[in-house]
file entry-v2.tsv (TSV, C-alpha atoms)
chain	number	residue	atom	x	y	z
A	1	MET	CA	0.00	0.00	0.00
A	2	PHE	CA	1.27	3.43	-0.92
A	3	PRO	CA	2.44	5.23	2.25
A	4	LEU	CA	0.00	7.99	3.19
A	5	CYS	CA	2.84	10.15	4.55
A	6	LYS	CA	4.44	10.06	1.10
A	7	LEU	CA	1.08	10.73	-0.58
A	8	ALA	CA	0.74	13.91	1.48
A	9	THR	CA	3.99	15.31	0.01
A	10	LEU	CA	2.84	15.10	-3.62
A	11	PRO	CA	1.41	18.11	-5.51
A	12	ARG	CA	-2.40	18.22	-5.19
A	13	HIS	CA	-3.19	17.15	-8.76
A	14	GLN	CA	-0.78	14.23	-8.56
A	15	ARG	CA	-1.97	13.36	-5.06
A	16	LEU	CA	-5.60	13.15	-6.13
A	17	ARG	CA	-4.74	11.05	-9.19
A	18	LYS	CA	-2.84	8.62	-6.98
A	19	ALA	CA	-5.70	8.48	-4.47
A	20	ALA	CA	-8.14	7.80	-7.32
A	21	LYS	CA	-6.00	4.87	-8.48
A	22	ILE	CA	-5.97	3.48	-4.94
A	23	PHE	CA	-9.77	3.48	-4.76
A	24	GLU	CA	-10.04	2.07	-8.29
A	25	GLY	CA	-7.63	-0.74	-7.37
A	26	ALA	CA	-9.65	-1.53	-4.26
A	27	GLU	CA	-12.83	-1.78	-6.33
A	28	ARG	CA	-11.14	-4.15	-8.78
A	29	ARG	CA	-9.96	-6.38	-5.94
A	30	LEU	CA	-13.44	-6.34	-4.42
A	31	ILE	CA	-14.93	-7.46	-7.76
A	32	THR	CA	-12.38	-10.25	-8.07
A	33	SER	CA	-12.43	-11.61	-4.52
A	34	GLY	CA	-15.83	-10.53	-3.21
A	35	LYS	CA	-14.43	-8.77	-0.11
A	36	LEU	CA	-11.57	-6.59	1.09
A	37	PRO	CA	-9.25	-7.53	3.95
A	38	VAL	CA	-9.54	-5.62	7.21
A	39	ASP	CA	-6.13	-3.98	6.84
A	40	GLU	CA	-7.05	-2.54	3.44
A	41	ILE	CA	-10.34	-1.19	4.79
A	42	GLU	CA	-8.44	0.49	7.63
A	43	TYR	CA	-6.01	1.96	5.10
A	44	LEU	CA	-8.88	3.34	3.02
A	45	LYS	CA	-10.43	4.86	6.14
A	46	ASP	CA	-7.17	6.66	6.90
A	47	LEU	CA	-6.88	7.81	3.29
A	48	THR	CA	-10.44	9.15	3.33
A	49	LYS	CA	-9.74	11.07	6.54
A	50	GLN	CA	-6.60	12.56	4.98
A	51	LEU	CA	-8.62	13.69	1.96
A	52	LEU	CA	-11.26	15.26	4.17
A	53	ASP	CA	-8.71	17.07	6.32
A	54	ASN	CA	-6.50	18.48	3.60
A	55	GLU	CA	-8.15	18.88	0.20
A	56	GLY	CA	-10.73	21.65	0.62
A	57	PHE	CA	-13.45	19.88	-1.33
A	58	PRO	CA	-16.87	21.50	-2.00
A	59	GLN	CA	-19.69	20.56	0.36
A	60	ALA	CA	-21.22	17.83	-1.84
A	61	ALA	CA	-17.83	16.11	-2.09
A	62	VAL	CA	-17.28	16.44	1.67
A	63	GLU	CA	-20.62	14.74	2.31
A	64	LEU	CA	-19.74	11.91	-0.06
A	65	LEU	CA	-16.41	11.34	1.68
A	66	GLU	CA	-18.05	11.47	5.11
A	67	ASN	CA	-20.51	8.80	3.95
A	68	ALA	CA	-17.57	6.78	2.65
A	69	GLN	CA	-15.92	7.02	6.06
A	70	SER	CA	-19.09	5.74	7.70
A	71	THR	CA	-19.37	2.85	5.25
A	72	LEU	CA	-15.76	1.86	5.82
A	73	GLY	CA	-16.20	2.16	9.56
A	74	ALA	CA	-19.26	-0.10	9.53
A	75	GLY	CA	-17.37	-2.73	7.54
A	76	ALA	CA	-20.46	-3.50	5.44
A	77	GLN	CA	-19.04	-5.33	2.44
A	78	SER	CA	-22.35	-5.09	0.59
A	79	GLU	CA	-22.05	-1.28	0.41
A	80	LEU	CA	-18.35	-1.14	-0.40
A	81	ARG	CA	-18.38	-1.26	-4.18
A	82	ARG	CA	-20.75	1.67	-4.67
A	83	MET	CA	-18.76	3.70	-2.15
A	84	LEU	CA	-15.38	2.87	-3.75
A	85	ASN	CA	-16.77	3.64	-7.19
A	86	SER	CA	-18.25	6.98	-6.08
A	87	VAL	CA	-15.03	8.15	-4.42
A	88	TYR	CA	-12.96	7.09	-7.43
A	89	TYR	CA	-15.07	9.20	-9.82
A	90	LEU	CA	-15.15	12.11	-7.39
A	91	LEU	CA	-11.34	12.19	-7.29
A	92	LEU	CA	-11.16	11.71	-11.04
A	93	SER	CA	-13.40	14.73	-11.62
A	94	GLU	CA	-11.31	16.81	-9.21
A	95	THR	CA	-8.29	16.22	-11.45
A	96	GLY	CA	-10.24	17.58	-14.42
A	97	ARG	CA	-10.52	14.23	-16.17
A	98	THR	CA	-13.85	13.27	-17.74
A	99	GLN	CA	-15.02	9.69	-17.41
A	100	ALA	CA	-15.28	7.60	-20.56
A	101	ASP	CA	-17.09	4.36	-21.32
A	102	TRP	CA	-13.85	2.39	-21.10
A	103	ASP	CA	-13.26	3.58	-17.51
A	104	PHE	CA	-16.18	1.53	-16.21
A	105	LEU	CA	-15.52	-1.79	-14.47
A	106	ASP	CA	-17.42	-4.90	-15.50
A	107	SER	CA	-18.65	-6.89	-12.52
A	108	HIS	CA	-19.64	-9.90	-14.61
A	109	GLY	CA	-16.15	-11.21	-15.45
A	110	SER	CA	-15.72	-13.46	-18.47
A	111	LEU	CA	-18.99	-14.40	-20.13
A	112	ASP	CA	-19.91	-18.07	-20.48
A	113	PRO	CA	-21.05	-18.78	-24.08
A	114	SER	CA	-22.94	-21.86	-22.89
A	115	LYS	CA	-25.39	-19.60	-21.05
A	116	ARG	CA	-26.51	-17.89	-24.26
A	117	GLN	CA	-30.08	-18.52	-25.39
A	118	PRO	CA	-30.10	-17.13	-28.95
A	119	PHE	CA	-33.13	-17.24	-31.21
A	120	ALA	CA	-32.40	-19.26	-34.36
A	121	GLY	CA	-32.35	-17.06	-37.44
A	122	MET	CA	-32.43	-13.74	-35.54
A	123	GLN	CA	-29.53	-11.95	-37.22
A	124	VAL	CA	-28.23	-8.40	-37.62
A	125	TYR	CA	-26.28	-6.54	-40.29
A	126	LEU	CA	-24.36	-3.44	-39.13
A	127	GLU	CA	-23.69	-1.27	-42.16
A	128	ASP	CA	-20.88	1.29	-41.89
A	129	ILE	CA	-21.26	2.00	-38.17
A	130	ARG	CA	-18.21	4.25	-37.72
A	131	SER	CA	-18.01	4.71	-33.94
A	132	PRO	CA	-16.31	1.93	-31.92
A	133	PHE	CA	-18.53	2.97	-29.00
A	134	ASN	CA	-21.67	2.37	-31.08
A	135	VAL	CA	-20.38	-0.95	-32.42
A	136	GLY	CA	-19.64	-2.16	-28.90
A	137	SER	CA	-22.99	-0.99	-27.60
A	138	MET	CA	-24.80	-2.72	-30.48
A	139	PHE	CA	-22.91	-5.96	-29.83
A	140	ARG	CA	-24.07	-5.80	-26.21
A	141	SER	CA	-27.71	-5.17	-27.16
A	142	ALA	CA	-27.68	-7.84	-29.87
A	143	GLU	CA	-26.25	-10.43	-27.48
A	144	SER	CA	-28.58	-9.47	-24.64
A	145	PHE	CA	-31.72	-9.73	-26.78
A	146	GLY	CA	-30.84	-13.12	-28.27
A	147	ALA	CA	-29.33	-12.42	-31.69
A	148	GLU	CA	-27.91	-15.54	-33.26
A	149	LYS	CA	-25.26	-13.78	-35.36
A	150	LEU	CA	-24.04	-10.31	-36.22
A	151	TRP	CA	-22.67	-9.36	-39.66
A	152	LEU	CA	-20.45	-6.32	-40.26
A	153	SER	CA	-19.99	-4.34	-43.44
A	154	PRO	CA	-16.43	-3.86	-44.75
A	155	PHE	CA	-16.25	-0.35	-43.29
A	156	CYS	CA	-17.72	-0.86	-39.83
A	157	ALA	CA	-15.51	0.12	-36.90
A	158	ASP	CA	-13.44	-2.74	-35.52
A	159	PRO	CA	-15.21	-4.67	-32.72
A	160	ARG	CA	-11.71	-5.34	-31.34
A	161	HIS	CA	-11.03	-1.64	-30.88
A	162	LYS	CA	-10.50	-1.04	-27.16
A	163	ARG	CA	-13.51	1.29	-26.95
A	164	ALA	CA	-15.75	-1.22	-28.70
A	165	GLU	CA	-14.61	-4.09	-26.50
A	166	ARG	CA	-15.01	-2.02	-23.35
A	167	THR	CA	-18.55	-1.01	-24.29
A	168	ALA	CA	-19.48	-4.52	-25.44
A	169	MET	CA	-18.56	-5.88	-21.97
A	170	GLY	CA	-17.37	-9.26	-23.29
A	171	CYS	CA	-20.12	-9.73	-25.90
A	172	VAL	CA	-17.65	-9.58	-28.81
A	173	ASP	CA	-16.27	-12.89	-27.54
A	174	VAL	CA	-19.56	-14.76	-27.16
A	175	LEU	CA	-21.76	-13.44	-29.99
A	176	PRO	CA	-20.83	-15.03	-33.35
A	177	TRP	CA	-19.94	-12.34	-35.88
A	178	GLU	CA	-18.40	-12.01	-39.31
A	179	ARG	CA	-17.03	-9.09	-41.30
A	180	LEU	CA	-17.97	-9.17	-44.98
A	181	SER	CA	-15.48	-8.26	-47.69
A	182	HIS	CA	-18.04	-6.60	-49.96
A	183	ASP	CA	-21.46	-4.94	-50.04
A	184	PRO	CA	-23.88	-7.87	-49.77
A	185	PHE	CA	-26.63	-5.86	-51.44
A	186	ALA	CA	-24.68	-4.96	-54.57
A	187	ASP	CA	-26.11	-6.78	-57.60
A	188	GLN	CA	-22.85	-8.41	-58.62
A	189	HIS	CA	-22.22	-10.09	-55.29
A	190	GLU	CA	-23.56	-13.30	-53.84
A	191	LYS	CA	-25.86	-12.75	-50.88
A	192	PRO	CA	-24.48	-14.23	-47.63
A	193	PHE	CA	-27.79	-14.06	-45.78
A	194	THR	CA	-29.95	-17.19	-45.79
A	195	GLU	CA	-32.02	-16.83	-42.64
A	196	GLY	CA	-35.20	-15.25	-43.91
A	197	PRO	CA	-36.57	-11.81	-44.85
A	198	ILE	CA	-34.81	-8.48	-44.50
A	199	PHE	CA	-35.92	-5.27	-42.81
A	200	ALA	CA	-34.19	-1.97	-42.02
A	201	LEU	CA	-34.13	0.35	-39.03
A	202	GLU	CA	-34.76	3.65	-40.80
A	203	THR	CA	-36.99	6.73	-40.79
A	204	GLY	CA	-40.14	6.83	-42.88
A	205	GLY	CA	-41.14	3.24	-42.15
A	206	THR	CA	-43.80	1.38	-40.20
A	207	PRO	CA	-43.98	2.58	-36.57
A	208	LEU	CA	-42.37	0.13	-34.18
A	209	GLU	CA	-45.63	-0.69	-32.40
A	210	ASN	CA	-47.27	-1.69	-35.70
A	211	PHE	CA	-44.38	-3.52	-37.34
A	212	SER	CA	-44.73	-7.29	-37.89
A	213	PHE	CA	-41.41	-8.74	-36.79
A	214	PRO	CA	-40.43	-12.10	-38.30
A	215	LYS	CA	-39.29	-15.09	-36.29
A	216	LYS	CA	-36.25	-15.31	-38.58
A	217	GLY	CA	-34.75	-12.44	-40.49
A	218	ILE	CA	-31.97	-9.89	-40.94
A	219	LEU	CA	-32.23	-6.47	-39.30
A	220	ILE	CA	-30.13	-3.79	-41.02
A	221	ALA	CA	-28.84	-0.83	-38.99
A	222	GLY	CA	-26.99	1.83	-40.95
A	223	SER	CA	-24.46	4.64	-40.68
A	224	GLU	CA	-24.76	7.24	-37.91
A	225	GLU	CA	-24.61	10.07	-40.47
A	226	LEU	CA	-26.13	8.65	-43.64
A	227	GLY	CA	-28.48	5.93	-42.48
A	228	VAL	CA	-29.00	2.70	-44.39
A	229	SER	CA	-27.51	2.70	-47.91
A	230	PRO	CA	-29.76	2.83	-51.02
A	231	ASN	CA	-28.82	-0.76	-51.98
A	232	ALA	CA	-29.70	-2.11	-48.54
A	233	LEU	CA	-32.90	-0.04	-48.37
A	234	ALA	CA	-34.00	-1.38	-51.73
A	235	ALA	CA	-33.48	-4.93	-50.47
A	236	ALA	CA	-35.42	-4.20	-47.29
A	237	ASP	CA	-38.26	-2.46	-49.16
A	238	ALA	CA	-38.55	-5.50	-51.43
A	239	SER	CA	-38.83	-7.72	-48.36
A	240	LEU	CA	-40.35	-6.62	-45.01
A	241	GLY	CA	-39.68	-2.90	-45.36
A	242	ARG	CA	-38.59	-0.42	-42.71
A	243	VAL	CA	-39.27	-0.13	-39.00
A	244	SER	CA	-39.22	3.33	-37.40
A	245	ILE	CA	-39.32	4.63	-33.84
A	246	THR	CA	-41.79	7.43	-33.19
A	247	CYS	CA	-40.11	10.41	-31.48
A	248	TYR	CA	-41.75	13.39	-29.80
A	249	GLY	CA	-38.86	15.74	-29.09
A	250	ALA	CA	-37.48	18.73	-30.98
A	251	LYS	CA	-34.51	16.65	-32.12
A	252	GLY	CA	-36.71	13.88	-33.43
A	253	SER	CA	-33.94	11.28	-33.66
A	254	LEU	CA	-31.90	8.88	-31.54
A	255	ASN	CA	-28.33	7.68	-31.38
A	256	VAL	CA	-28.11	4.61	-33.62
A	257	SER	CA	-27.09	2.28	-30.79
A	258	VAL	CA	-30.02	3.48	-28.64
A	259	ALA	CA	-32.49	3.04	-31.50
A	260	PHE	CA	-31.02	-0.38	-32.24
A	261	GLY	CA	-31.50	-1.50	-28.63
A	262	ILE	CA	-35.15	-0.41	-28.68
A	263	VAL	CA	-35.85	-2.35	-31.87
A	264	MET	CA	-33.94	-5.44	-30.70
A	265	GLN	CA	-36.01	-5.55	-27.51
A	266	ALA	CA	-39.23	-5.29	-29.52
A	267	TRP	CA	-38.07	-8.03	-31.91
A	268	SER	CA	-37.09	-10.35	-29.05
A	269	ARG	CA	-40.60	-10.09	-27.59
A	270	VAL	CA	-42.11	-11.90	-30.59
A	271	GLN	CA	-39.66	-14.77	-30.09
A	272	GLY	CA	-41.35	-15.87	-26.85
A	273	SER	CA	-40.42	-15.24	-23.24
A	274	GLY	CA	-37.86	-18.06	-23.08
A	275	ALA	CA	-36.38	-19.58	-19.98
A	276	GLY	CA	-34.08	-17.90	-17.53
A	277	VAL	CA	-34.70	-14.35	-18.70
A	278	ARG	CA	-32.34	-12.00	-16.86
A	279	ASN	CA	-32.99	-8.35	-16.04
A	280	ARG	CA	-29.69	-6.56	-15.60
A	281	PHE	CA	-28.67	-2.99	-16.34
A	282	SER	CA	-25.15	-1.73	-15.61
call {"tool": "encode", "arguments": {"input": "entry-v2.tsv", "output": "structure tokens"}}
result
Amino acid sequence: MFPLCKLATLPRHQRLRKAAKIFEGAERRLITSGKLPVDEIEYLKDLTKQLLDNEGFPQAAVELLENAQSTLGAGAQSELRRMLNSVYYLLLSETGRTQADWDFLDSHGSLDPSKRQPFAGMQVYLEDIRSPFNVGSMFRSAESFGAEKLWLSPFCADPRHKRAERTAMGCVDVLPWERLSHDPFADQHEKPFTEGPIFALETGGTPLENFSFPKKGILIAGSEELGVSPNALAAADASLGRVSITCYGAKGSLNVSVAFGIVMQAWSRVQGSGAGVRNRFS
């Protein structure tokens, strides 16, 4: 453990960054082992007191640290993770750093592919999704709502990009996926999809609540900026058409990964309730 007397000698910015790393490390160990040893809890109590005594935090931060002290003093392991996480992000914000999706810690560990309950023939085609964050988020939604397979266009962001993997929370490793080498909707190319009709997530289509989702099919989700390509739209329009989400705000649109999650949940409902359905948001 980093000596607190040495920590006190560091410049404030460096001191807070080091303290943040200490709390982050404690949270990681708690996730891995399920509890923290008594000596580490005592160390964290002393560190919290040092922060309260010397850093001149605003009142809201002081109250958070006082609550942390109480939690550490009570030794309630069940409350530790939320406390450690809150103090870590408090200290991070005090250094001027903004949290990103890849900062978050996954409490689930490695995912077990044998626990997947995919719906046969429920497949997705991501067309030119440029943001690794969006690709990762869409992998997570597709896996959570039972997609059997995910196809990527040649110019989709890499699911192995660190931001994509962090956002996907392990789903890149358990959801079967394949990157295509060409536009599957171009006339000169063989179509790789064999699992039923095609439909697109796009504006100007059938409202979500009225759309007839197939048991088997390919859902196309297109570029953040340009939407689904003309070739892919033509294929969808010749099959099941387009599904749209009704919006009521001034913006009138959603981030593609958010819209995708909404549609995937609606599609999964027609597949049946299934066994062992899990409700988990993190």
call {"tool": "closest_residue", "arguments": {"input": "entry-v2.tsv", "among": "A:Val258, A:Leu91, A:Leu72, A:Leu126", "to": "A:Arg17", "atoms": "only C-alpha atoms"}}
result
A:Leu91
call {"tool": "residues_around", "arguments": {"input": "entry-v2.tsv", "residues": "A:Leu240", "least_positions_apart": "4", "cutoff": "9 Å", "atoms": "all atoms listed in the file", "output": "list in words"}}
result
Pro197, Ile198, Phe199, Ala200, Ser212, Phe213, Pro214, Ala235 and Ala236 of chain A
call {"tool": "atom_distance", "arguments": {"input": "entry-v2.tsv", "atom1": "atom CA of A:Ala266", "atom2": "atom CA of A:Ser253"}}
result
17.9 Å
call {"tool": "residues_near_point", "arguments": {"input": "entry-v2.tsv", "point": "(-25.6, -5.0, -40.5)", "cutoff": "9 Å", "atoms": "only C-alpha atoms", "output": "ChimeraX atom specification"}}
result
/A:123-129,150-153,156,218-222
call {"tool": "atom_distance", "arguments": {"input": "entry-v2.tsv", "atom1": "atom CA of A:Pro11", "atom2": "atom CA of A:Leu65"}}
result
20.4 Å
call {"tool": "atom_distance", "arguments": {"input": "entry-v2.tsv", "atom1": "atom CA of A:Asp112", "atom2": "atom CA of A:Pro154"}}
result
28.3 Å
call {"tool": "closest_residue", "arguments": {"input": "entry-v2.tsv", "among": "A:Thr32, A:Asn255, A:Thr48, A:Ser114", "to": "A:Ser70", "atoms": "all atoms listed in the file"}}
result
A:Thr48
call {"tool": "residues_around", "arguments": {"input": "entry-v2.tsv", "residues": "A:Phe211", "least_positions_apart": "3", "cutoff": "10 Å", "atoms": "only C-alpha atoms", "output": "list in words"}}
result
Gly205, Thr206, Pro207, Leu208, Pro214, Leu240, Gly241, Arg242, Val243, Ser244, Ala266 and Trp267 of chain A
call {"tool": "residues_around", "arguments": {"input": "entry-v2.tsv", "residues": "A:Gln14", "least_positions_apart": "6", "cutoff": "10 Å", "atoms": "all atoms listed in the file", "output": "VMD selection string"}}
result
chain A and resid 7 20 95
call {"tool": "decode", "arguments": {"input": "entry-v2.tsv", "residues": "stretch 102-223 of chain A", "atoms": "C-alpha atoms", "output": "compact mmCIF listing (two decimals), in the first residue's frame"}}
result
# COMPACT_ATOMS: atom_id res chain seq x y z
CA TRP A 102 -13.85 2.39 -21.10
CA ASP A 103 -13.26 3.58 -17.51
CA PHE A 104 -16.18 1.53 -16.21
CA LEU A 105 -15.52 -1.79 -14.47
CA ASP A 106 -17.42 -4.90 -15.50
CA SER A 107 -18.65 -6.89 -12.52
CA HIS A 108 -19.64 -9.90 -14.61
CA GLY A 109 -16.15 -11.21 -15.45
CA SER A 110 -15.72 -13.46 -18.47
CA LEU A 111 -18.99 -14.40 -20.13
CA ASP A 112 -19.91 -18.07 -20.48
CA PRO A 113 -21.05 -18.78 -24.08
CA SER A 114 -22.94 -21.86 -22.89
CA LYS A 115 -25.39 -19.60 -21.05
CA ARG A 116 -26.51 -17.89 -24.26
CA GLN A 117 -30.08 -18.52 -25.39
CA PRO A 118 -30.10 -17.13 -28.95
CA PHE A 119 -33.13 -17.24 -31.21
CA ALA A 120 -32.40 -19.26 -34.36
CA GLY A 121 -32.35 -17.06 -37.44
CA MET A 122 -32.43 -13.74 -35.54
CA GLN A 123 -29.53 -11.95 -37.22
CA VAL A 124 -28.23 -8.40 -37.62
CA TYR A 125 -26.28 -6.54 -40.29
CA LEU A 126 -24.36 -3.44 -39.13
CA GLU A 127 -23.69 -1.27 -42.16
CA ASP A 128 -20.88 1.29 -41.89
CA ILE A 129 -21.26 2.00 -38.17
CA ARG A 130 -18.21 4.25 -37.72
CA SER A 131 -18.01 4.71 -33.94
CA PRO A 132 -16.31 1.93 -31.92
CA PHE A 133 -18.53 2.97 -29.00
CA ASN A 134 -21.67 2.37 -31.08
CA VAL A 135 -20.38 -0.95 -32.42
CA GLY A 136 -19.64 -2.16 -28.90
CA SER A 137 -22.99 -0.99 -27.60
CA MET A 138 -24.80 -2.72 -30.48
CA PHE A 139 -22.91 -5.96 -29.83
CA ARG A 140 -24.07 -5.80 -26.21
CA SER A 141 -27.71 -5.17 -27.16
CA ALA A 142 -27.68 -7.84 -29.87
CA GLU A 143 -26.25 -10.43 -27.48
CA SER A 144 -28.58 -9.47 -24.64
CA PHE A 145 -31.72 -9.73 -26.78
CA GLY A 146 -30.84 -13.12 -28.27
CA ALA A 147 -29.33 -12.42 -31.69
CA GLU A 148 -27.91 -15.54 -33.26
CA LYS A 149 -25.26 -13.78 -35.36
CA LEU A 150 -24.04 -10.31 -36.22
CA TRP A 151 -22.67 -9.36 -39.66
CA LEU A 152 -20.45 -6.32 -40.26
CA SER A 153 -19.99 -4.34 -43.44
CA PRO A 154 -16.43 -3.86 -44.75
CA PHE A 155 -16.25 -0.35 -43.29
CA CYS A 156 -17.72 -0.86 -39.83
CA ALA A 157 -15.51 0.12 -36.90
CA ASP A 158 -13.44 -2.74 -35.52
CA PRO A 159 -15.21 -4.67 -32.72
CA ARG A 160 -11.71 -5.34 -31.34
CA HIS A 161 -11.03 -1.64 -30.88
CA LYS A 162 -10.50 -1.04 -27.16
CA ARG A 163 -13.51 1.29 -26.95
CA ALA A 164 -15.75 -1.22 -28.70
CA GLU A 165 -14.61 -4.09 -26.50
CA ARG A 166 -15.01 -2.02 -23.35
CA THR A 167 -18.55 -1.01 -24.29
CA ALA A 168 -19.48 -4.52 -25.44
CA MET A 169 -18.56 -5.88 -21.97
CA GLY A 170 -17.37 -9.26 -23.29
CA CYS A 171 -20.12 -9.73 -25.90
CA VAL A 172 -17.65 -9.58 -28.81
CA ASP A 173 -16.27 -12.89 -27.54
CA VAL A 174 -19.56 -14.76 -27.16
CA LEU A 175 -21.76 -13.44 -29.99
CA PRO A 176 -20.83 -15.03 -33.35
CA TRP A 177 -19.94 -12.34 -35.88
CA GLU A 178 -18.40 -12.01 -39.31
CA ARG A 179 -17.03 -9.09 -41.30
CA LEU A 180 -17.97 -9.17 -44.98
CA SER A 181 -15.48 -8.26 -47.69
CA HIS A 182 -18.04 -6.60 -49.96
CA ASP A 183 -21.46 -4.94 -50.04
CA PRO A 184 -23.88 -7.87 -49.77
CA PHE A 185 -26.63 -5.86 -51.44
CA ALA A 186 -24.68 -4.96 -54.57
CA ASP A 187 -26.11 -6.78 -57.60
CA GLN A 188 -22.85 -8.41 -58.62
CA HIS A 189 -22.22 -10.09 -55.29
CA GLU A 190 -23.56 -13.30 -53.84
CA LYS A 191 -25.86 -12.75 -50.88
CA PRO A 192 -24.48 -14.23 -47.63
CA PHE A 193 -27.79 -14.06 -45.78
CA THR A 194 -29.95 -17.19 -45.79
CA GLU A 195 -32.02 -16.83 -42.64
CA GLY A 196 -35.20 -15.25 -43.91
CA PRO A 197 -36.57 -11.81 -44.85
CA ILE A 198 -34.81 -8.48 -44.50
CA PHE A 199 -35.92 -5.27 -42.81
CA ALA A 200 -34.19 -1.97 -42.02
CA LEU A 201 -34.13 0.35 -39.03
CA GLU A 202 -34.76 3.65 -40.80
CA THR A 203 -36.99 6.73 -40.79
CA GLY A 204 -40.14 6.83 -42.88
CA GLY A 205 -41.14 3.24 -42.15
CA THR A 206 -43.80 1.38 -40.20
CA PRO A 207 -43.98 2.58 -36.57
CA LEU A 208 -42.37 0.13 -34.18
CA GLU A 209 -45.63 -0.69 -32.40
CA ASN A 210 -47.27 -1.69 -35.70
CA PHE A 211 -44.38 -3.52 -37.34
CA SER A 212 -44.73 -7.29 -37.89
CA PHE A 213 -41.41 -8.74 -36.79
CA PRO A 214 -40.43 -12.10 -38.30
CA LYS A 215 -39.29 -15.09 -36.29
CA LYS A 216 -36.25 -15.31 -38.58
CA GLY A 217 -34.75 -12.44 -40.49
CA ILE A 218 -31.97 -9.89 -40.94
CA LEU A 219 -32.23 -6.47 -39.30
CA ILE A 220 -30.13 -3.79 -41.02
CA ALA A 221 -28.84 -0.83 -38.99
CA GLY A 222 -26.99 1.83 -40.95
CA SER A 223 -24.46 4.64 -40.68
